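Participant: File run.txt follows (compact mmCIF, C-alpha atoms):
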# COMPACT_ATOMS: atom_id res chain seq x y z
CA MET A 25 -17.56 29.66 -15.55
CA GLU A 26 -17.56 32.26 -12.84
CA THR A 27 -14.47 34.13 -11.63
CA GLY A 28 -15.83 37.67 -11.73
CA SER A 29 -16.93 40.28 -9.28
CA ALA A 30 -16.61 41.04 -5.56
CA ILE A 31 -20.13 39.83 -4.90
CA THR A 32 -21.94 37.54 -7.31
CA TRP A 33 -25.47 36.23 -7.24
CA LYS A 34 -26.29 34.25 -10.32
CA TYR A 35 -28.87 31.55 -10.97
CA PRO A 36 -29.37 30.82 -14.67
CA SER A 37 -32.44 28.61 -14.77
CA VAL A 38 -34.26 26.12 -16.91
CA ILE A 39 -38.01 25.69 -17.28
CA LEU A 40 -38.80 22.18 -18.45
CA LYS A 41 -42.26 22.78 -19.80
CA GLY A 42 -42.63 20.27 -22.62
CA ASP A 43 -43.02 16.57 -21.90
CA ASN A 44 -39.73 14.65 -22.15
CA SER A 45 -37.61 17.81 -22.16
CA THR A 46 -34.17 17.83 -20.52
CA GLY A 47 -32.07 20.49 -18.86
CA GLU A 48 -28.38 20.43 -17.98
CA PHE A 49 -26.39 22.86 -15.87
CA TYR A 50 -22.62 22.74 -15.59
CA SER A 51 -20.68 25.34 -13.70
CA VAL A 52 -17.29 26.14 -12.24
CA ALA A 53 -17.19 29.02 -9.80
CA VAL A 54 -13.89 30.33 -8.48
CA THR A 55 -13.53 32.80 -5.64
CA ASN A 56 -10.34 34.32 -4.28
CA ASN A 57 -9.30 37.11 -1.87
CA TYR A 58 -12.49 38.49 -0.30
CA GLN A 59 -14.94 37.58 -3.06
CA GLN A 60 -18.40 36.32 -2.18
CA ALA A 61 -20.24 34.11 -4.63
CA ASP A 62 -23.68 32.65 -4.25
CA THR A 63 -24.51 30.90 -7.47
CA GLY A 64 -26.48 27.99 -8.79
CA THR A 65 -29.53 27.20 -10.85
CA LYS A 66 -33.24 26.52 -10.78
CA MET A 67 -34.72 23.54 -12.52
CA GLN A 68 -38.49 23.89 -12.90
CA HIS A 69 -39.95 20.57 -13.95
CA ILE A 70 -43.43 21.08 -15.39
CA GLY A 71 -43.79 18.52 -18.21
CA LYS A 72 -43.94 14.75 -17.75
CA ASN A 73 -40.78 12.61 -17.98
CA THR A 74 -38.54 15.65 -17.75
CA ARG A 75 -34.93 15.19 -16.83
CA SER A 76 -32.30 17.52 -15.39
CA ARG A 77 -28.69 17.26 -14.37
CA ILE A 78 -26.69 19.73 -12.31
CA VAL A 79 -22.92 19.56 -11.91
CA SER A 80 -21.48 22.41 -9.91
CA LYS A 81 -17.84 22.79 -8.95
CA GLY A 82 -16.85 25.49 -6.51
CA ILE A 83 -13.25 26.46 -5.77
CA SER A 84 -12.52 28.82 -2.86
CA ALA A 85 -9.22 30.46 -2.03
CA GLY A 86 -7.97 33.31 0.14
CA HIS A 87 -10.66 34.67 2.47
CA SER A 88 -13.50 34.05 0.05
CA ASN A 89 -16.83 32.32 0.46
CA ASN A 90 -18.36 30.27 -2.27
CA SER A 91 -21.94 29.01 -2.07
CA TYR A 92 -24.00 26.80 -4.28
CA ARG A 93 -27.72 27.52 -4.03
CA GLY A 94 -29.97 25.51 -6.30
CA LEU A 95 -33.64 24.78 -6.54
CA VAL A 96 -35.07 21.63 -8.04
CA HIS A 97 -38.81 22.12 -8.28
CA ILE A 98 -40.96 19.28 -9.57
CA ASN A 99 -44.58 20.05 -10.32
CA LYS A 100 -47.60 17.91 -9.49
CA ASN A 101 -48.02 17.10 -13.19
CA ALA A 102 -44.35 16.36 -13.87
CA ALA A 103 -44.76 12.61 -13.41
CA ASN A 104 -41.73 10.32 -13.69
CA SER A 105 -39.27 13.18 -13.69
CA ARG A 106 -35.64 12.78 -12.72
CA ASN A 107 -33.00 15.04 -11.34
CA PHE A 108 -29.41 14.42 -10.45
CA SER A 109 -27.35 17.08 -8.72
CA GLN A 110 -23.69 16.97 -7.83
CA CYS A 111 -21.95 19.75 -5.94
CA ASP A 112 -18.25 19.51 -5.25
CA SER A 113 -16.23 22.10 -3.39
CA LEU A 114 -12.48 22.48 -3.21
CA LEU A 115 -10.79 24.60 -0.57
CA LEU A 116 -7.35 26.19 -0.86
CA GLY A 117 -5.97 27.31 2.46
CA ASP A 118 -7.78 27.58 5.79
CA LYS A 119 -9.41 31.02 5.58
CA CYS A 120 -12.00 30.31 2.89
CA GLY A 121 -15.42 28.73 2.98
CA ALA A 122 -17.63 26.55 0.82
CA HIS A 123 -21.36 26.10 1.32
CA THR A 124 -24.04 24.07 -0.37
CA PHE A 125 -27.74 24.92 -0.14
CA PRO A 126 -29.85 22.51 -2.14
CA TYR A 127 -33.58 23.28 -2.26
CA ILE A 128 -35.71 20.35 -3.34
CA GLU A 129 -39.46 20.68 -3.82
CA VAL A 130 -41.26 17.64 -5.14
CA LYS A 131 -45.03 17.67 -5.60
CA ASN A 132 -45.61 14.16 -6.90
CA ASN A 133 -44.51 10.69 -5.87
CA SER A 134 -43.28 9.19 -9.14
CA THR A 135 -40.17 11.35 -9.27
CA VAL A 136 -36.57 10.50 -8.42
CA VAL A 137 -34.28 13.25 -7.17
CA GLU A 138 -30.66 12.71 -6.19
CA HIS A 139 -28.23 15.10 -4.60
CA GLU A 140 -24.55 14.46 -3.93
CA ALA A 141 -22.10 16.87 -2.37
CA THR A 142 -18.42 16.66 -1.50
CA THR A 143 -15.94 19.07 0.03
CA SER A 144 -12.20 18.54 -0.22
CA LYS A 145 -9.04 20.45 0.41
CA ILE A 146 -5.86 20.54 -1.62
CA GLY A 147 -3.51 18.63 0.62
CA GLU A 148 0.10 19.41 1.46
CA ASP A 149 0.73 15.81 0.50
CA GLN A 150 -0.60 16.32 -3.02
CA ILE A 151 1.56 19.40 -3.47
CA PHE A 152 4.64 17.67 -2.11
CA TYR A 153 4.07 14.68 -4.37
CA CYS A 154 4.07 17.02 -7.39
CA ASN A 155 7.09 18.96 -6.05
CA GLN A 156 9.03 15.72 -5.69
CA ARG A 157 8.44 15.02 -9.36
CA GLY A 158 9.90 18.41 -10.27
CA ILE A 159 6.62 20.32 -10.56
CA ASP A 160 6.58 23.68 -8.76
CA THR A 161 3.75 24.53 -6.39
CA GLU A 162 1.91 26.92 -8.70
CA THR A 163 1.82 24.39 -11.54
CA ALA A 164 0.81 21.66 -9.10
CA VAL A 165 -2.19 23.66 -7.90
CA ALA A 166 -3.24 24.29 -11.51
CA LEU A 167 -3.04 20.56 -12.25
CA ILE A 168 -5.07 19.62 -9.19
CA ILE A 169 -7.72 22.25 -9.90
CA ASN A 170 -8.07 21.32 -13.52
CA GLY A 171 -8.50 17.72 -12.46
CA PHE A 172 -11.19 18.78 -10.03
CA ALA A 173 -13.09 20.81 -12.64
CA LYS A 174 -12.57 18.29 -15.43
CA GLU A 175 -16.12 16.95 -15.59
CA VAL A 176 -17.35 20.43 -16.41
CA MET A 177 -14.41 21.38 -18.62
CA ASN A 178 -15.10 18.30 -20.75
CA GLN A 179 -18.46 19.82 -21.69
CA LEU A 180 -16.84 22.90 -23.19
CA PRO A 181 -15.73 23.27 -26.80
CA MET A 182 -12.00 22.63 -27.01
CA GLU A 183 -10.91 26.21 -27.74
CA PHE A 184 -12.90 27.54 -24.84
CA ALA A 185 -11.73 24.79 -22.49
CA VAL A 186 -8.12 25.81 -23.12
CA GLU A 187 -8.95 29.43 -22.30
CA ALA A 188 -10.94 28.37 -19.26
CA GLN A 189 -8.02 26.38 -17.87
CA LYS A 190 -5.76 29.41 -18.18
CA LEU A 191 -8.39 31.60 -16.58
CA LEU A 192 -8.55 29.26 -13.59
CA ALA A 193 -4.79 29.40 -13.18
CA ILE A 194 -4.74 33.21 -13.39
CA SER A 195 -7.61 33.64 -10.92
CA LEU A 196 -5.77 31.61 -8.34
CA GLU A 197 -2.28 32.94 -8.95
CA GLY A 198 -0.37 33.45 -5.72
CA SER A 199 -3.11 31.96 -3.56
CA VAL A 200 -0.98 29.08 -2.31
CA GLY A 201 2.41 28.99 -0.67
CA MET B 19 27.39 11.20 -5.39
CA LEU B 20 25.50 11.60 -2.13
CA SER B 21 27.33 12.45 1.04
CA ILE B 22 25.44 12.74 4.32
CA LYS B 23 27.43 14.03 7.27
CA ASN B 24 26.24 14.05 10.87
CA LEU B 25 22.63 14.68 9.87
CA HIS B 26 20.24 15.58 12.69
CA ALA B 27 16.58 16.16 11.97
CA GLY B 28 13.31 16.12 13.80
CA ILE B 29 9.73 17.22 13.92
CA GLU B 30 8.97 20.03 16.35
CA GLU B 31 10.71 19.08 19.63
CA LYS B 32 11.14 15.43 18.80
CA LYS B 33 14.55 14.36 17.49
CA ILE B 34 14.33 11.53 14.99
CA LEU B 35 17.66 11.46 13.18
CA LYS B 36 20.61 11.78 15.52
CA GLY B 37 23.74 11.95 13.43
CA ILE B 38 23.49 9.99 10.19
CA ASN B 39 26.62 9.47 8.12
CA LEU B 40 26.30 7.87 4.71
CA GLU B 41 28.23 7.92 1.44
CA ILE B 42 26.64 6.69 -1.77
CA ASN B 43 28.58 6.47 -5.02
CA ALA B 44 27.30 6.13 -8.56
CA GLY B 45 26.44 2.56 -9.50
CA GLU B 46 25.82 1.42 -5.94
CA VAL B 47 22.73 0.04 -4.27
CA HIS B 48 22.35 0.75 -0.57
CA ALA B 49 19.71 -0.71 1.66
CA ILE B 50 18.57 0.85 4.90
CA MET B 51 16.88 -1.49 7.31
CA GLY B 52 15.65 -1.06 10.83
CA PRO B 53 12.77 -1.61 13.18
CA ASN B 54 9.64 0.54 13.20
CA GLY B 55 10.20 4.09 14.34
CA SER B 56 13.95 4.04 13.78
CA GLY B 57 13.84 6.97 11.34
CA LYS B 58 14.05 5.22 7.96
CA SER B 59 11.15 7.03 6.32
CA THR B 60 12.21 10.30 7.94
CA LEU B 61 15.59 9.99 6.28
CA ALA B 62 13.90 9.42 2.90
CA SER B 63 11.60 12.41 3.44
CA VAL B 64 14.43 14.71 4.52
CA LEU B 65 16.44 13.81 1.42
CA ALA B 66 13.42 14.57 -0.78
CA GLY B 67 12.92 17.93 0.96
CA ARG B 68 9.76 17.50 2.97
CA THR B 69 9.38 20.63 5.08
CA ASP B 70 7.63 18.90 7.99
CA PHE B 71 11.04 17.88 9.22
CA ALA B 72 13.56 20.45 10.42
CA VAL B 73 17.23 19.75 9.88
CA THR B 74 19.06 20.95 12.98
CA GLU B 75 22.61 19.87 12.24
CA GLY B 76 24.82 18.32 9.62
CA SER B 77 25.09 18.52 5.86
CA VAL B 78 23.97 16.68 2.75
CA GLU B 79 25.89 17.07 -0.47
CA PHE B 80 24.50 15.75 -3.75
CA LEU B 81 26.63 15.95 -6.91
CA HIS B 82 28.71 18.70 -5.27
CA LYS B 83 25.68 20.81 -4.38
CA ASP B 84 24.31 21.56 -0.94
CA LEU B 85 21.10 19.57 -1.08
CA LEU B 86 19.55 21.18 1.98
CA GLU B 87 19.55 24.57 0.23
CA LEU B 88 17.38 23.29 -2.62
CA SER B 89 13.57 23.15 -2.81
CA PRO B 90 11.92 19.76 -3.41
CA GLU B 91 11.34 20.52 -7.10
CA GLU B 92 14.96 21.61 -7.55
CA ARG B 93 16.11 18.37 -5.96
CA ALA B 94 13.94 16.48 -8.44
CA GLY B 95 15.58 18.49 -11.21
CA GLU B 96 19.01 17.52 -9.89
CA GLY B 97 17.96 13.89 -10.18
CA ILE B 98 16.56 12.79 -6.84
CA PHE B 99 13.50 10.59 -7.06
CA LEU B 100 11.45 9.32 -4.15
CA ALA B 101 9.15 6.36 -4.66
CA PHE B 102 6.51 7.04 -2.03
CA GLN B 103 5.46 4.55 0.58
CA TYR B 104 1.91 5.80 0.13
CA PRO B 105 1.54 7.34 -3.35
CA ILE B 106 -0.88 10.27 -3.39
CA GLU B 107 -4.14 10.37 -5.36
CA ILE B 108 -5.13 13.32 -7.52
CA PRO B 109 -8.67 12.91 -8.88
CA GLY B 110 -9.34 14.06 -12.43
CA LEU B 111 -5.66 14.39 -13.37
CA THR B 112 -4.65 11.62 -15.73
CA THR B 113 -1.46 9.77 -14.95
CA THR B 114 -0.15 10.52 -18.45
CA ASN B 115 -0.72 14.24 -18.07
CA PHE B 116 0.98 14.23 -14.67
CA ILE B 117 4.02 12.39 -15.96
CA LYS B 118 4.25 14.60 -19.02
CA THR B 119 4.22 17.72 -16.87
CA ALA B 120 6.84 16.23 -14.56
CA VAL B 121 9.14 15.20 -17.41
CA ASN B 122 8.94 18.61 -19.05
CA GLU B 123 9.42 20.53 -15.78
CA VAL B 124 12.54 18.50 -15.04
CA ARG B 125 13.81 19.11 -18.58
CA LYS B 126 13.15 22.83 -18.12
CA TYR B 127 15.20 22.80 -14.92
CA ARG B 128 18.08 21.23 -16.82
CA GLY B 129 17.82 23.83 -19.58
CA GLU B 130 16.35 21.44 -22.16
CA GLY B 131 13.28 22.13 -24.28
CA PRO B 132 10.00 20.30 -23.64
CA LEU B 133 9.32 17.04 -25.47
CA ASP B 134 6.64 17.36 -28.12
CA ALA B 135 3.71 14.94 -28.16
CA VAL B 136 5.38 12.54 -30.61
CA GLN B 137 8.66 12.35 -28.70
CA PHE B 138 6.85 11.96 -25.40
CA LEU B 139 4.64 9.15 -26.68
CA LYS B 140 7.64 7.36 -28.09
CA LEU B 141 9.47 7.58 -24.75
CA MET B 142 6.37 6.44 -22.91
CA LYS B 143 5.80 3.44 -25.19
CA GLU B 144 9.40 2.41 -24.72
CA LYS B 145 9.21 2.61 -20.91
CA MET B 146 5.79 0.96 -20.82
CA ALA B 147 7.22 -2.06 -22.59
CA LEU B 148 10.17 -2.10 -20.20
CA MET B 149 7.99 -1.87 -17.10
CA ASN B 150 5.27 -4.11 -18.44
CA ILE B 151 2.62 -1.52 -17.68
CA ASP B 152 -0.72 -1.14 -19.40
CA GLN B 153 -2.00 1.90 -21.29
CA SER B 154 -5.33 1.76 -19.45
CA LEU B 155 -3.60 2.45 -16.13
CA LEU B 156 -2.07 5.62 -17.53
CA SER B 157 -5.40 6.97 -18.78
CA ARG B 158 -6.88 6.80 -15.31
CA SER B 159 -6.76 9.54 -12.69
CA LEU B 160 -3.44 9.58 -10.87
CA ASN B 161 -3.41 6.72 -8.34
CA GLU B 162 -7.16 7.07 -7.82
CA GLY B 163 -8.70 3.66 -7.19
CA PHE B 164 -5.38 1.95 -7.97
CA SER B 165 -4.63 -1.24 -6.09
CA GLY B 166 -1.56 -1.30 -3.86
CA GLY B 167 0.41 -3.08 -6.58
CA GLU B 168 -0.68 -0.68 -9.30
CA LYS B 169 0.35 2.33 -7.21
CA LYS B 170 3.82 0.95 -6.62
CA ARG B 171 4.24 -0.02 -10.25
CA ASN B 172 3.18 3.44 -11.24
CA GLU B 173 5.90 4.86 -8.95
CA ILE B 174 8.53 2.74 -10.67
CA PHE B 175 7.14 3.69 -14.07
CA GLN B 176 7.55 7.36 -13.16
CA MET B 177 11.08 6.57 -12.08
CA ALA B 178 11.73 5.07 -15.53
CA MET B 179 10.32 8.16 -17.22
CA LEU B 180 12.30 10.63 -15.11
CA GLN B 181 15.59 8.69 -15.15
CA PRO B 182 16.87 9.92 -11.79
CA ARG B 183 20.49 9.86 -10.63
CA LEU B 184 19.48 8.74 -7.17
CA ALA B 185 16.29 6.78 -6.60
CA ILE B 186 15.04 6.39 -3.05
CA LEU B 187 12.53 3.58 -2.58
CA ASP B 188 10.61 4.12 0.63
CA GLU B 189 9.21 0.75 1.69
CA THR B 190 8.21 0.03 -1.85
CA ASP B 191 7.59 -3.58 -0.84
CA SER B 192 5.00 -2.78 1.84
CA GLY B 193 1.58 -4.11 0.96
CA LEU B 194 2.78 -6.04 -2.08
CA ASP B 195 2.36 -9.71 -2.77
CA ILE B 196 5.27 -11.81 -4.02
CA ASP B 197 4.44 -11.37 -7.70
CA ALA B 198 4.11 -7.62 -7.39
CA ILE B 199 7.44 -7.43 -5.54
CA ARG B 200 9.05 -9.34 -8.37
CA ILE B 201 7.58 -7.05 -11.04
CA VAL B 202 8.58 -3.89 -9.16
CA SER B 203 12.07 -5.23 -8.44
CA ASN B 204 12.60 -6.24 -12.05
CA GLY B 205 11.66 -2.72 -13.03
CA VAL B 206 14.22 -1.25 -10.64
CA ASN B 207 16.91 -3.67 -11.78
CA LYS B 208 16.37 -2.75 -15.41
CA LEU B 209 16.93 0.90 -14.55
CA ARG B 210 20.20 0.34 -12.71
CA ASN B 211 23.38 1.43 -14.41
CA LYS B 212 26.82 2.66 -13.53
CA ASP B 213 25.76 6.31 -13.40
CA ASN B 214 22.84 6.08 -11.01
CA ALA B 215 22.36 4.85 -7.49
CA VAL B 216 19.52 3.35 -5.51
CA LEU B 217 18.70 3.70 -1.83
CA VAL B 218 16.24 1.06 -0.69
CA VAL B 219 14.42 1.59 2.59
CA THR B 220 12.76 -1.56 3.87
CA HIS B 221 11.75 -3.62 6.88
CA TYR B 222 12.24 -6.99 5.33
CA GLN B 223 15.03 -8.85 3.71
CA ARG B 224 12.60 -10.26 1.13
CA LEU B 225 12.86 -7.29 -1.26
CA LEU B 226 16.65 -7.55 -1.14
CA ASP B 227 16.47 -11.02 -2.69
CA TYR B 228 15.38 -9.26 -5.85
CA ILE B 229 17.13 -5.91 -5.60
CA VAL B 230 20.53 -7.06 -4.41
CA PRO B 231 22.29 -4.34 -2.41
CA ASP B 232 26.02 -3.64 -2.31
CA PHE B 233 25.72 -2.28 1.22
CA VAL B 234 23.25 -2.79 4.02
CA HIS B 235 22.91 -0.30 6.88
CA VAL B 236 20.91 -0.81 10.02
CA LEU B 237 19.21 2.25 11.40
CA TYR B 238 18.25 2.19 15.02
CA ASN B 239 17.18 5.06 17.22
CA GLY B 240 18.18 7.68 14.66
CA ARG B 241 21.67 6.39 13.97
CA ILE B 242 23.28 3.90 11.62
CA VAL B 243 24.51 1.35 14.12
CA LYS B 244 25.80 -1.32 11.79
CA SER B 245 26.84 -1.52 8.15
CA GLY B 246 27.82 -4.46 6.03
CA GLY B 247 27.32 -6.34 2.80
CA LYS B 248 24.21 -8.12 1.70
CA GLU B 249 24.83 -10.95 4.17
CA LEU B 250 23.93 -8.54 6.99
CA ALA B 251 20.35 -8.49 5.72
CA LEU B 252 20.22 -12.28 5.94
CA GLU B 253 21.60 -12.22 9.45
CA LEU B 254 18.91 -9.71 10.44
CA GLU B 255 16.21 -11.85 8.91
CA GLU B 256 17.43 -14.78 10.95
CA ARG B 257 18.11 -13.13 14.27
CA GLY B 258 15.65 -10.21 14.26
CA TYR B 259 16.52 -6.67 15.24
CA ASP B 260 16.90 -7.53 18.89
CA PHE B 261 20.52 -8.57 18.66
CA ILE B 262 21.37 -5.19 17.15
CA LYS B 263 19.46 -3.44 19.90
CA ASN B 264 21.28 -5.50 22.53
CA GLU B 265 24.64 -4.78 20.95
CA VAL B 266 23.91 -1.06 20.88
CA ASN B 267 22.64 -0.95 24.43
CA ALA B 268 25.57 -2.99 25.71
CA GLY B 269 27.96 -0.63 23.92
CA GLN B 270 26.35 2.37 25.59
CA GLU B 271 26.64 0.85 29.04
CA ALA B 272 30.30 0.05 28.55
Can I see the file as structure tokens?

Facilitator:
Amino acid sequence: METGSAITWKYPSVILKGDNSTGEFYSVAVTNNYQQADTGTKMQHIGKNTRSRIVSKGISAGHSNNSYRGLVHINKNAANSRNFSQCDSLLLGDKCGAHTFPYIEVKNNSTVVEHEATTSKIGEDQIFYCNQRGIDTETAVALIINGFAKEVMNQLPMEFAVEAQKLLAISLEGSVG
Amino acid sequence: MLSIKNLHAGIEEKKILKGINLEINAGEVHAIMGPNGSGKSTLASVLAGRTDFAVTEGSVEFLHKDLLELSPEERAGEGIFLAFQYPIEIPGLTTTNFIKTAVNEVRKYRGEGPLDAVQFLKLMKEKMALMNIDQSLLSRSLNEGFSGGEKKRNEIFQMAMLQPRLAILDETDSGLDIDAIRIVSNGVNKLRNKDNAVLVVTHYQRLLDYIVPDFVHVLYNGRIVKSGGKELALELEERGYDFIKNEVNAGQEA
């Protein structure tokens, strides 16, 4: 979870040294106003049959820029390794930006690496649909964002997930409408 | 209940509604028919409070309040429900969670406390049985990957949960097969009572076989040019919209 500072660079990484080891990285990064975030992870596959999974969700609002930058490095000896990366970005408003920079370095030919990325925008239509059911715009945005970040939120312990949802709502307060 | 007087509305420079007059009382079912581009969906959107359309003239009163002064969510709180022609998808948000939030927001608007989980589940079970809708549909993300029929059924299920005073069905029959139309119509009919009203917007008479209207209005070129009972829908089905167009054009020339 990342909502923090004016400029953030952060790449918590995993070294998969032992054979059959696995690494997982789940993140939600929120930027608002003029924040700049450039965050992601490094997965260093060294051992054989190592597996990694990256799920990154970026939410940009205001005039902010939110980048995912991730390295998947697979060594010559890391035979039969697998990586799956998914990077989804959500834009609020038309002044913000979302960027995805995947770095993939594979040194053997028995490895499978997958990368998927999507960018979407909260639509007027989605907001109006919620409004028509009696839900005000602020609550509607919170619902849509929590839906977007759900895959990551589901990984969190329940108590923390509740806090995280509130944190998301607070970080984006007043950013729409 | 609803009183529309001389309503003009449009989008940017383009005028779409050019003086609509319509009175709807509690317990009535009104149908609005008309050819493509006559302004039917615009009328539904304006009543629900979509801001894309600017109202330039006229008034709309709903339960003695000036509807045009209210925001879309306030209108929902007052009891206006729009079943969308194209229901919107929200990935990751379960249908149950969405409906629960909607029900509690509407209750809040009316000064009632939120339903707790037990009360909400009880209400939902009751309405699920009434609408013949499956639990698995409600656990899925809102409208995401739903078939056309499932989306429309979900709209009517939401209508059952929110118990509106005025339900506006915007071409709810479009894209549905005969069985789905029957299921959706049965749902609407079960929700009808003497205190609420339904406004059905449709191209085809077919839907009106199932949801029988008390009044049928024909919208053409931004105006209601003809009103009548349910037999008017049958006449339209038989003769097409051309005879209405001819009548209107002849009237203008004279």

Participant: Please list as a list in words every residue within 7 Å of His69 in chain A, counting all atoms listed in the file and excluding residues in the same chain fewer than 4 positions away.

Facilitator: Ile39, Leu40, Lys41, Thr74, His97, Ile98, Asn99 and Ala102 of chain A

Participant: Within 12 Å of Asp152 in chain B, counting only C-alpha atoms, which residues show up once you throw out same-chain ones fewer than 2 positions away? Write them as a ChimeraX atom specification, please.

Facilitator: /B:113-114,142-150,154-158,168,171-172,175

Participant: Would you write out, as a Markdown table, a table of all residues in chain A that have an atom no more than 7 Å from an atom of chain B, listing for each the closest atom pair and the distance in Å to one decimal, considering all atoms listed in the file and ordering rows by chain and rising residue number?

Facilitator:
| residue | atom | partner | partner_atom | distance |
| --- | --- | --- | --- | --- |
| A:Asp149 | CA | B:Ile106 | CA | 7.0 |
| A:Gln150 | CA | B:Ile106 | CA | 6.1 |
| A:Tyr153 | CA | B:Ile106 | CA | 6.7 |
| A:Asn155 | CA | B:Glu91 | CA | 4.6 |
| A:Gln156 | CA | B:Pro90 | CA | 5.5 |
| A:Arg157 | CA | B:Ala120 | CA | 5.6 |
| A:Gly158 | CA | B:Glu91 | CA | 4.1 |
| A:Ile159 | CA | B:Ala120 | CA | 5.7 |
| A:Asp160 | CA | B:Glu91 | CA | 5.9 |
| A:Leu167 | CA | B:Leu111 | CA | 6.8 |
| A:Ile168 | CA | B:Ile108 | CA | 6.5 |
| A:Gly171 | CA | B:Gly110 | CA | 3.8 |
| A:Phe172 | CA | B:Gly110 | CA | 5.6 |
| A:Lys174 | CA | B:Gly110 | CA | 6.1 |

Participant: Kindly give the distance, in Å, that separates CA of Glu197 in chain A and CA of Asn178 in chain A, rounded to a single decimal.

Facilitator: 22.8 Å

Participant: Would you mind reading off the distance between CA of Ser59 in chain B and CA of Ala215 in chain B, one decimal, in Å?

Facilitator: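 Computing the Euclidean distance for CA of Ser59 in chain B and CA of Ala215 in chain B yields 17.9 Å.
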
Participant: How many Å lie between CA of Arg93 in chain A and CA of Ala61 in chain A, rounded to one decimal?

Facilitator: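 A separation of 10.0 Å between them.
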
Participant: Would you list the residues near (-12.6, 20.7, -20.9), meaning any protein, DNA or RNA residue with an atom at most 12 Å from that point in file coordinates, counting all atoms listed in the file, as number ranges by chain?

Facilitator: A: 25, 50-52, 170-190, 192; B: 110

Participant: Just the selected residues (C-alpha atoms), exported as a tab-separated table (two decimals), keeping the file's coordinate frame, please.

Facilitator:
chain	number	residue	atom	x	y	z
A	25	MET	CA	-17.56	29.66	-15.55
A	50	TYR	CA	-22.62	22.74	-15.59
A	51	SER	CA	-20.68	25.34	-13.70
A	52	VAL	CA	-17.29	26.14	-12.24
A	170	ASN	CA	-8.07	21.32	-13.52
A	171	GLY	CA	-8.50	17.72	-12.46
A	172	PHE	CA	-11.19	18.78	-10.03
A	173	ALA	CA	-13.09	20.81	-12.64
A	174	LYS	CA	-12.57	18.29	-15.43
A	175	GLU	CA	-16.12	16.95	-15.59
A	176	VAL	CA	-17.35	20.43	-16.41
A	177	MET	CA	-14.41	21.38	-18.62
A	178	ASN	CA	-15.10	18.30	-20.75
A	179	GLN	CA	-18.46	19.82	-21.69
A	180	LEU	CA	-16.84	22.90	-23.19
A	181	PRO	CA	-15.73	23.27	-26.80
A	182	MET	CA	-12.00	22.63	-27.01
A	183	GLU	CA	-10.91	26.21	-27.74
A	184	PHE	CA	-12.90	27.54	-24.84
A	185	ALA	CA	-11.73	24.79	-22.49
A	186	VAL	CA	-8.12	25.81	-23.12
A	187	GLU	CA	-8.95	29.43	-22.30
A	188	ALA	CA	-10.94	28.37	-19.26
A	189	GLN	CA	-8.02	26.38	-17.87
A	190	LYS	CA	-5.76	29.41	-18.18
A	192	LEU	CA	-8.55	29.26	-13.59
B	110	GLY	CA	-9.34	14.06	-12.43

Participant: Taking all listed atoms of range 141-148 of chain A, build the axis-aligned box, pad each of the six sides by 3 Å, then write its centre and edge lengths in Å to one decimal as JSON.

Facilitator:
{"center_x": -11.0, "center_y": 18.6, "center_z": -0.5, "size_x": 28.2, "size_y": 9.9, "size_z": 9.8}
